[in-house]
$ cat target.txt   # compact mmCIF, C-alpha atoms and all ligand atoms
# COMPACT_ATOMS: atom_id res chain seq x y z
CA GLN A 1 103.58 99.74 76.81
CA GLN A 2 107.15 100.79 76.18
CA GLN A 3 109.59 98.04 77.11
CA PRO A 4 112.92 98.76 78.80
CA ALA A 5 115.90 99.11 76.45
CA VAL A 6 117.55 95.89 75.33
CA GLY A 7 120.17 94.83 77.85
CA SER A 8 118.57 96.74 80.70
CA LYS A 9 116.71 94.98 83.46
CA SER A 10 112.93 94.72 83.54
CA PHE A 11 110.98 97.23 85.61
CA THR A 12 110.04 94.55 88.12
CA ALA A 13 113.58 93.24 88.48
CA VAL A 14 114.84 96.75 89.20
CA ALA A 15 112.06 97.36 91.75
CA ILE A 16 112.89 94.09 93.52
CA ASN A 17 116.60 94.79 93.48
CA CYS A 18 116.07 98.26 94.97
CA ALA A 19 113.73 96.99 97.70
CA ALA A 20 116.03 94.11 98.63
CA LYS A 21 119.18 96.27 98.76
CA ALA A 22 117.53 99.05 100.75
CA GLY A 23 115.77 96.55 103.05
CA GLU A 24 118.98 94.71 103.88
CA TRP A 25 120.69 97.99 104.74
CA ILE A 26 117.76 99.22 106.87
CA LYS A 27 117.90 95.97 108.84
CA THR A 28 121.56 96.55 109.72
CA LYS A 29 120.58 99.99 111.06
CA LEU A 30 117.83 98.76 113.38
CA GLY A 31 118.70 99.90 116.92
CA ASN A 32 121.61 102.06 115.79
CA HIS A 33 120.26 104.98 113.81
CA THR A 34 122.13 108.14 114.76
CA SER A 35 119.83 111.01 113.89
CA LEU A 36 116.16 111.48 114.64
CA SER A 37 114.18 114.58 113.76
CA LEU A 38 110.57 115.69 113.62
CA LYS A 39 108.94 116.72 110.37
CA TYR A 40 105.36 118.01 110.45
CA SER A 41 104.44 117.06 114.01
CA ALA A 42 105.70 115.16 117.05
CA GLN A 43 104.38 111.98 115.40
CA ASP A 44 106.08 112.55 112.07
CA LEU A 45 109.63 111.15 112.41
CA VAL A 46 112.57 110.91 110.06
CA THR A 47 116.03 109.39 110.48
CA GLU A 48 119.15 109.26 108.37
CA VAL A 49 118.02 105.75 107.43
CA ASP A 50 114.84 107.01 105.71
CA LYS A 51 116.95 109.48 103.73
CA GLY A 52 119.72 106.99 102.96
CA SER A 53 117.28 104.35 101.79
CA GLU A 54 115.56 106.79 99.45
CA LYS A 55 118.91 107.99 98.07
CA MET A 56 120.00 104.41 97.40
CA ILE A 57 116.72 103.51 95.65
CA LYS A 58 116.56 106.71 93.61
CA SER A 59 120.10 106.40 92.29
CA LEU A 60 119.59 102.73 91.32
CA ILE A 61 116.38 103.57 89.47
CA GLN A 62 118.01 106.51 87.72
CA THR A 63 120.91 104.34 86.59
CA HIS A 64 118.49 102.04 84.79
CA PHE A 65 115.79 104.49 83.74
CA PRO A 66 117.22 108.03 83.60
CA ASP A 67 114.13 109.39 81.79
CA HIS A 68 111.62 108.22 84.39
CA SER A 69 110.08 110.53 86.99
CA PHE A 70 110.46 109.91 90.72
CA LEU A 71 108.28 110.68 93.75
CA GLY A 72 109.79 109.67 97.09
CA GLU A 73 108.53 110.66 100.53
CA GLU A 74 111.79 112.17 101.75
CA GLY A 75 112.16 114.37 98.66
CA VAL A 76 108.91 116.15 99.51
CA GLU A 77 108.41 118.93 102.09
CA PRO A 78 106.41 117.68 105.11
CA GLY A 79 102.67 118.21 105.36
CA PRO A 80 99.57 117.46 103.28
CA GLU A 81 99.70 120.57 101.05
CA ALA A 82 103.28 119.96 99.94
CA SER A 83 102.50 116.26 99.31
CA ALA A 84 99.51 117.12 97.15
CA LYS A 85 101.57 119.63 95.19
CA ALA A 86 104.43 117.19 94.69
CA LEU A 87 102.07 114.52 93.35
CA GLN A 88 100.38 117.05 91.08
CA SER A 89 103.72 118.00 89.53
CA VAL A 90 104.52 114.44 88.45
CA ARG A 91 101.19 112.68 88.08
CA ASP A 92 101.07 113.13 84.30
CA ALA A 93 104.55 111.66 83.83
CA GLU A 94 104.72 108.72 81.45
CA TYR A 95 106.71 106.57 83.88
CA LEU A 96 106.63 107.50 87.55
CA TRP A 97 108.37 105.64 90.39
CA ILE A 98 106.59 106.12 93.72
CA VAL A 99 108.76 105.22 96.71
CA ASP A 100 108.38 104.99 100.46
CA PRO A 101 111.96 104.26 101.61
CA VAL A 102 110.89 103.16 105.12
CA ASP A 103 107.18 102.64 105.73
CA GLY A 104 106.82 102.37 109.49
CA THR A 105 109.50 104.80 110.65
CA THR A 106 107.97 104.99 114.15
CA ASN A 107 108.33 101.22 114.45
CA PHE A 108 111.88 101.36 113.13
CA VAL A 109 112.83 104.04 115.66
CA HIS A 110 111.32 102.09 118.58
CA GLY A 111 112.74 98.73 117.50
CA PHE A 112 109.27 97.29 116.77
CA PRO A 113 110.14 94.92 113.93
CA PHE A 114 107.35 95.77 111.47
CA PHE A 115 108.32 98.11 108.64
CA SER A 116 108.85 97.89 104.92
CA VAL A 117 110.18 99.38 101.72
CA SER A 118 107.47 100.21 99.19
CA ILE A 119 108.23 100.75 95.50
CA ALA A 120 105.69 101.22 92.70
CA LEU A 121 105.94 102.11 89.04
CA ALA A 122 103.01 103.94 87.43
CA TYR A 123 102.55 104.22 83.67
CA LYS A 124 100.43 107.27 82.78
CA GLY A 125 99.07 107.33 86.31
CA GLU A 126 98.23 103.63 86.54
CA VAL A 127 100.29 101.39 88.81
CA ILE A 128 101.87 98.58 86.76
CA VAL A 129 104.45 97.24 89.24
CA GLY A 130 104.20 97.07 93.03
CA VAL A 131 106.84 95.73 95.40
CA VAL A 132 106.70 95.74 99.20
CA TYR A 133 109.61 94.24 101.13
CA ASP A 134 109.64 93.35 104.84
CA PRO A 135 113.34 92.96 105.70
CA MET A 136 112.75 91.53 109.20
CA ARG A 137 110.87 88.53 107.82
CA ASP A 138 112.67 88.57 104.47
CA GLU A 139 109.25 88.67 102.84
CA LEU A 140 108.94 90.07 99.36
CA PHE A 141 105.51 90.92 97.95
CA VAL A 142 105.45 91.53 94.19
CA ALA A 143 102.65 92.39 91.77
CA GLU A 144 102.62 93.12 88.07
CA LYS A 145 99.54 94.52 86.36
CA GLY A 146 97.58 91.68 84.81
CA LYS A 147 100.03 89.02 86.01
CA GLY A 148 98.97 88.38 89.60
CA ALA A 149 100.72 88.98 92.90
CA TYR A 150 103.23 86.82 94.77
CA VAL A 151 104.74 86.48 98.21
CA ARG A 152 107.98 84.51 98.57
CA GLY A 153 107.38 83.46 94.95
CA LYS A 154 103.95 81.99 95.73
CA ARG A 155 100.77 83.31 94.15
CA MET A 156 98.63 85.29 96.60
CA THR A 157 94.87 85.33 96.92
CA VAL A 158 92.77 87.39 99.29
CA SER A 159 90.91 85.81 102.20
CA PRO A 160 87.54 84.14 101.55
CA ASP A 161 85.85 85.88 104.53
CA ASP A 162 82.52 87.19 103.33
CA THR A 163 81.21 89.03 106.39
CA LEU A 164 82.75 91.58 108.71
CA LYS A 165 81.83 89.29 111.60
CA CYS A 166 84.50 86.77 110.57
CA SER A 167 87.07 89.36 109.43
CA LEU A 168 90.35 90.48 110.97
CA ILE A 169 91.00 94.03 109.78
CA ALA A 170 93.60 96.75 110.36
CA THR A 171 93.96 100.50 110.53
CA GLY A 172 96.53 103.16 111.28
CA PHE A 173 96.11 106.25 113.42
CA PRO A 174 96.61 109.43 111.42
CA ALA A 175 98.64 112.27 112.93
CA ASP A 176 96.23 115.01 111.72
CA PRO A 177 94.11 115.76 114.84
CA THR A 178 91.58 118.01 113.10
CA TYR A 179 90.26 115.93 110.20
CA ALA A 180 91.72 112.45 109.78
CA LEU A 181 92.05 111.26 113.38
CA PRO A 182 88.45 112.04 114.48
CA LEU A 183 87.10 110.19 111.42
CA ASN A 184 89.34 107.25 112.14
CA MET A 185 88.19 107.12 115.77
CA LYS A 186 84.54 107.22 114.71
CA GLY A 187 85.17 104.41 112.25
CA LEU A 188 87.01 102.42 114.90
CA GLN A 189 84.14 102.72 117.33
CA ALA A 190 81.65 101.64 114.70
CA LEU A 191 83.75 98.75 113.35
CA VAL A 192 85.02 97.14 116.58
CA PRO A 193 81.67 95.50 117.44
CA GLU A 194 81.11 94.44 113.81
CA VAL A 195 84.37 92.59 113.10
CA ARG A 196 86.32 89.71 114.63
CA ASN A 197 89.10 92.10 115.67
CA ILE A 198 91.23 95.06 114.64
CA ARG A 199 95.03 95.39 114.45
CA SER A 200 97.29 98.37 113.94
CA GLY A 201 100.74 97.25 112.85
CA GLY A 202 102.17 100.63 111.88
CA SER A 203 103.04 100.13 108.20
CA ALA A 204 100.30 100.95 105.70
CA ALA A 205 102.21 99.21 102.90
CA LEU A 206 102.46 96.00 104.94
CA HIS A 207 98.80 96.23 105.92
CA MET A 208 97.97 96.35 102.21
CA ALA A 209 100.32 93.42 101.53
CA TYR A 210 98.59 91.49 104.32
CA VAL A 211 95.18 92.12 102.74
CA ALA A 212 96.61 90.81 99.47
CA SER A 213 97.98 87.67 101.13
CA GLY A 214 94.75 86.93 103.05
CA ARG A 215 96.24 87.54 106.51
CA LEU A 216 93.89 90.49 106.88
CA SER A 217 90.50 90.86 105.21
CA GLY A 218 90.46 94.65 105.22
CA PHE A 219 92.34 97.84 105.99
CA TRP A 220 91.31 101.48 106.18
CA GLU A 221 93.13 104.68 107.04
CA PHE A 222 92.79 108.42 106.45
CA GLY A 223 95.41 110.91 105.32
CA LEU A 224 97.87 108.58 103.59
CA ASN A 225 100.01 109.49 100.59
CA ALA A 226 100.75 107.98 97.20
CA TRP A 227 103.99 106.40 98.49
CA ASP A 228 102.14 104.56 101.28
CA LEU A 229 99.57 103.02 98.95
CA ALA A 230 100.69 102.73 95.32
CA ALA A 231 102.56 99.41 95.54
CA GLY A 232 100.08 97.90 98.00
CA SER A 233 97.09 98.83 95.85
CA LEU A 234 98.36 96.65 93.01
CA LEU A 235 99.18 93.81 95.41
CA VAL A 236 95.57 93.86 96.60
CA THR A 237 93.85 94.10 93.21
CA GLU A 238 96.14 91.48 91.62
CA SER A 239 95.27 89.15 94.49
CA GLY A 240 91.56 89.55 93.79
CA GLY A 241 90.78 92.30 96.30
CA HIS A 242 89.26 95.74 95.96
CA VAL A 243 90.72 99.20 96.72
CA THR A 244 88.69 102.41 96.91
CA ASP A 245 88.63 105.62 98.87
CA THR A 246 86.51 105.68 102.01
CA LYS A 247 83.49 106.85 99.97
CA GLY A 248 83.79 104.02 97.44
CA SER A 249 85.52 105.66 94.46
CA LEU A 250 88.00 103.39 92.74
CA TYR A 251 91.66 103.78 93.81
CA ASP A 252 93.96 106.08 91.87
CA ILE A 253 97.34 107.42 92.94
CA GLY A 254 95.72 110.56 94.41
CA VAL A 255 93.68 108.63 96.99
CA ARG A 256 94.54 109.55 100.60
CA ASN A 257 91.68 107.95 102.54
CA VAL A 258 91.68 104.28 101.69
CA VAL A 259 89.60 101.14 102.13
CA ALA A 260 91.27 97.95 100.86
CA THR A 261 89.54 94.61 101.27
CA ASN A 262 89.22 91.12 99.90
CA GLY A 263 86.27 92.43 97.87
CA HIS A 264 83.67 90.26 99.61
CA ILE A 265 83.32 92.58 102.62
CA HIS A 266 83.86 95.86 100.76
CA GLU A 267 80.27 97.09 100.59
CA GLU A 268 79.60 96.11 104.18
CA PHE A 269 82.81 97.89 105.27
CA LEU A 270 81.92 101.11 103.40
CA GLY A 271 78.39 100.86 104.76
CA VAL A 272 79.55 100.85 108.39
CA LEU A 273 81.80 103.87 107.79
CA ALA A 274 79.00 105.76 106.03
CA LYS A 275 76.42 104.94 108.71
CA ALA A 276 78.79 106.14 111.44
CA ASP A 277 79.44 109.34 109.49
CA ALA A 278 83.08 108.20 109.36
CA ALA A 279 83.75 108.19 105.62
CA GLY A 280 85.02 111.79 105.35
C1 LIG A 301 103.27 105.80 108.09
C2 LIG A 301 102.88 104.36 108.26
C3 LIG A 301 101.80 104.21 109.30
C4 LIG A 301 100.61 105.04 108.99
C5 LIG A 301 101.01 106.48 108.79
C6 LIG A 301 102.09 106.59 107.72
P1 LIG A 301 105.81 106.36 107.44
O1 LIG A 301 104.27 105.97 107.12
O2 LIG A 301 102.42 103.81 107.05
O3 LIG A 301 101.35 102.88 109.38
O4 LIG A 301 99.67 104.94 110.03
O5 LIG A 301 99.87 107.20 108.43
O6 LIG A 301 102.46 107.94 107.55
O7 LIG A 301 105.82 107.80 107.82
O8 LIG A 301 106.30 105.48 108.52
O9 LIG A 301 106.46 106.14 106.13
CA CA A 302 107.18 109.45 107.24
CA CA A 303 104.65 105.66 104.77
CA CA A 304 108.29 106.56 105.07
$ encode --input "target.txt" --output "structure tokens"
Amino acid sequence: QQQPAVGSKSFTAVAINCAAKAGEWIKTKLGNHTSLSLKYSAQDLVTEVDKGSEKMIKSLIQTHFPDHSFLGEEGVEPGPEASAKALQSVRDAEYLWIVDPVDGTTNFVHGFPFFSVSIALAYKGEVIVGVVYDPMRDELFVAEKGKGAYVRGKRMTVSPDDTLKCSLIATGFPADPTYALPLNMKGLQALVPEVRNIRSGGSAALHMAYVASGRLSGFWEFGLNAWDLAAGSLLVTESGGHVTDTKGSLYDIGVRNVVATNGHIHEEFLGVLAKADAAG
């Protein structure tokens, strides 16, 4: 792999710096954002803080790595078609930064203190750095390909739970009422009686980070985008977990319907979704 130029910061250091700076700023804006608008639907919100965070992160990255490509949620037109197109246009880039400037905008807007900044770097389509930062808890989750994953500087490992029965899992409720939401509801109905319990925190990136750190044993959701999942996917795999789509194909940056687990419960998880006809 190409190394950054001498004198420049490492990829991971830049990702951390961006996440920390943006996260600190977002925290100061909690409860006093000034503009709120709808994007694709009444559930798809954006504020000046989403846009400002992305601007801050993008310009920092470009200062260090002007040749790298960039995919950030707020630089893409709303809706699934535009997202797919935007990913297609950059997915062959050598170095691609994939950024969700505020993951959990609904929570941010309502003052529910569970949201994050998610920053990943992919090299030829494979995620090599993943950083998720939770500014409210000052919790930084960092993974580097082949080097493990850390929270607050401590190595993470996934939970040891080996059955759904003893697993706490999470999901998110997709806005798309025609395809994603019905599948999610079917899956929910099938999984509730099989697991210990289900949570829905409202930040896909933090759900993935929580699978990595063993606080959750699994997470699934339909209709996500590369910026929701790229950083979290590396956190999970570097902590010993497994990430696929809802039908069991291995994660790549194009995956929108995700199942992330500690690995031990993966087959059982996929099996319940398949049996309930809730795998898409
Ligand atoms: C959303 C969050 C949420 C998930 C949604 C995402 P955003 O991202 O990750 O948990 O359920 O599907 O769109 O819009 O707050 O960045
Ligand atoms: Ca959004
Ligand atoms: Ca998101
Ligand atoms: Ca976002």
$ atom_distance --input "target.txt" --atom1 "atom O7 of ligand LIG 301 (chain A)" --atom2 "atom CA of Leu45 of chain A"
6.8 Å
$ atom_distance --input "target.txt" --atom1 "atom O2 of ligand LIG 301 (chain A)" --atom2 "atom CA of Thr63 of chain A"
27.6 Å
$ atom_distance --input "target.txt" --atom1 "atom CA of Lys124 of chain A" --atom2 "atom CA of Leu96 of chain A"
7.8 Å
$ residues_near_ligand --input "target.txt" --ligand "ligand CA 302 (chain A)" --cutoff "8 Å" --atoms "only C-alpha atoms and all ligand atoms" --output "list in words"
Asp44, Leu45, Val46, Glu73, Glu74, Val102, Asp103, Gly104 and Thr105 of chain A
$ residues_near_point --input "target.txt" --point "(108.5, 108.4, 92.5)" --cutoff "6 Å" --atoms "only C-alpha atoms" --output "list in words"
Phe70, Leu71, Gly72, Leu96, Trp97, Ile98 and Val99 of chain A
$ residues_near_ligand --input "target.txt" --ligand "ligand CA 303 (chain A)" --cutoff "12 Å" --atoms "all atoms listed in the file" --output "VMD selection string"
chain A and resid 44 to 46 50 72 to 74 98 to 108 115 to 119 132 172 174 202 to 208 221 223 to 232 256
$ residues_around --input "target.txt" --residues "Tyr150 of chain A" --least-positions-apart "2" --cutoff "10 Å" --atoms "only C-alpha atoms" --output "PDB file with C-alpha atoms, keeping the file's coordinate frame"
ATOM      1  CA  VAL A 131     106.840  95.730  95.400  1.00  0.00           C
ATOM      2  CA  LEU A 140     108.940  90.070  99.360  1.00  0.00           C
ATOM      3  CA  PHE A 141     105.510  90.920  97.950  1.00  0.00           C
ATOM      4  CA  VAL A 142     105.450  91.530  94.190  1.00  0.00           C
ATOM      5  CA  ALA A 143     102.650  92.390  91.770  1.00  0.00           C
ATOM      6  CA  GLU A 144     102.620  93.120  88.070  1.00  0.00           C
ATOM      7  CA  LYS A 147     100.030  89.020  86.010  1.00  0.00           C
ATOM      8  CA  GLY A 148      98.970  88.380  89.600  1.00  0.00           C
ATOM      9  CA  ARG A 152     107.980  84.510  98.570  1.00  0.00           C
ATOM     10  CA  GLY A 153     107.380  83.460  94.950  1.00  0.00           C
ATOM     11  CA  LYS A 154     103.950  81.990  95.730  1.00  0.00           C
ATOM     12  CA  ARG A 155     100.770  83.310  94.150  1.00  0.00           C
ATOM     13  CA  MET A 156      98.630  85.290  96.600  1.00  0.00           C
ATOM     14  CA  THR A 157      94.870  85.330  96.920  1.00  0.00           C
ATOM     15  CA  ALA A 209     100.320  93.420 101.530  1.00  0.00           C
ATOM     16  CA  ALA A 212      96.610  90.810  99.470  1.00  0.00           C
ATOM     17  CA  SER A 213      97.980  87.670 101.130  1.00  0.00           C
ATOM     18  CA  LEU A 235      99.180  93.810  95.410  1.00  0.00           C
ATOM     19  CA  GLU A 238      96.140  91.480  91.620  1.00  0.00           C
ATOM     20  CA  SER A 239      95.270  89.150  94.490  1.00  0.00           C
TER      21      SER A 239
END
$ residues_around --input "target.txt" --residues "Gly214 of chain A" --least-positions-apart "2" --cutoff "8 Å" --atoms "all atoms listed in the file" --output "PyMOL selection string"
chain A and resi 156-160+210-212+216-217+262
$ closest_residue --input "target.txt" --among "A:Lys145, A:Lys21, A:Arg199, A:His266" --to "ligand LIG 301 (chain A)" --atoms "all atoms listed in the file"
A:Arg199
$ closest_residue --input "target.txt" --among "A:Gly254, A:Asp245, A:Val272, A:Thr261" --to "Ala86 of chain A" --atoms "all atoms listed in the file"
A:Gly254
$ closest_atom_pairs --input "target.txt" --of "segment 68-106 of chain A" --to "segment 33-42 of chain A" --cutoff "10 Å" --atoms "only C-alpha atoms" --output "JSON lines"
{"residue": "A:Glu77", "atom": "CA", "partner": "A:Lys39", "partner_atom": "CA", "distance": 8.6}
{"residue": "A:Pro78", "atom": "CA", "partner": "A:Tyr40", "partner_atom": "CA", "distance": 5.5}
{"residue": "A:Gly79", "atom": "CA", "partner": "A:Tyr40", "partner_atom": "CA", "distance": 5.8}
{"residue": "A:Pro80", "atom": "CA", "partner": "A:Tyr40", "partner_atom": "CA", "distance": 9.2}
$ residues_around --input "target.txt" --residues "Leu30 of chain A" --least-positions-apart "4" --cutoff "9 Å" --atoms "only C-alpha atoms" --output "PyMOL selection string"
chain A and resi 26+108-111+113
$ residues_around --input "target.txt" --residues "Gln88 of chain A" --least-positions-apart "3" --cutoff "12 Å" --atoms "all atoms listed in the file" --output "PyMOL selection string"
chain A and resi 71+81-85+91-93+96+125+226+253-254
$ write_last_selection --input "target.txt" --atoms "C-alpha atoms" --output "compact mmCIF listing (two decimals), keeping the file's coordinate frame"
# COMPACT_ATOMS: atom_id res chain seq x y z
CA LEU A 71 108.28 110.68 93.75
CA GLU A 81 99.70 120.57 101.05
CA ALA A 82 103.28 119.96 99.94
CA SER A 83 102.50 116.26 99.31
CA ALA A 84 99.51 117.12 97.15
CA LYS A 85 101.57 119.63 95.19
CA ARG A 91 101.19 112.68 88.08
CA ASP A 92 101.07 113.13 84.30
CA ALA A 93 104.55 111.66 83.83
CA LEU A 96 106.63 107.50 87.55
CA GLY A 125 99.07 107.33 86.31
CA ALA A 226 100.75 107.98 97.20
CA ILE A 253 97.34 107.42 92.94
CA GLY A 254 95.72 110.56 94.41
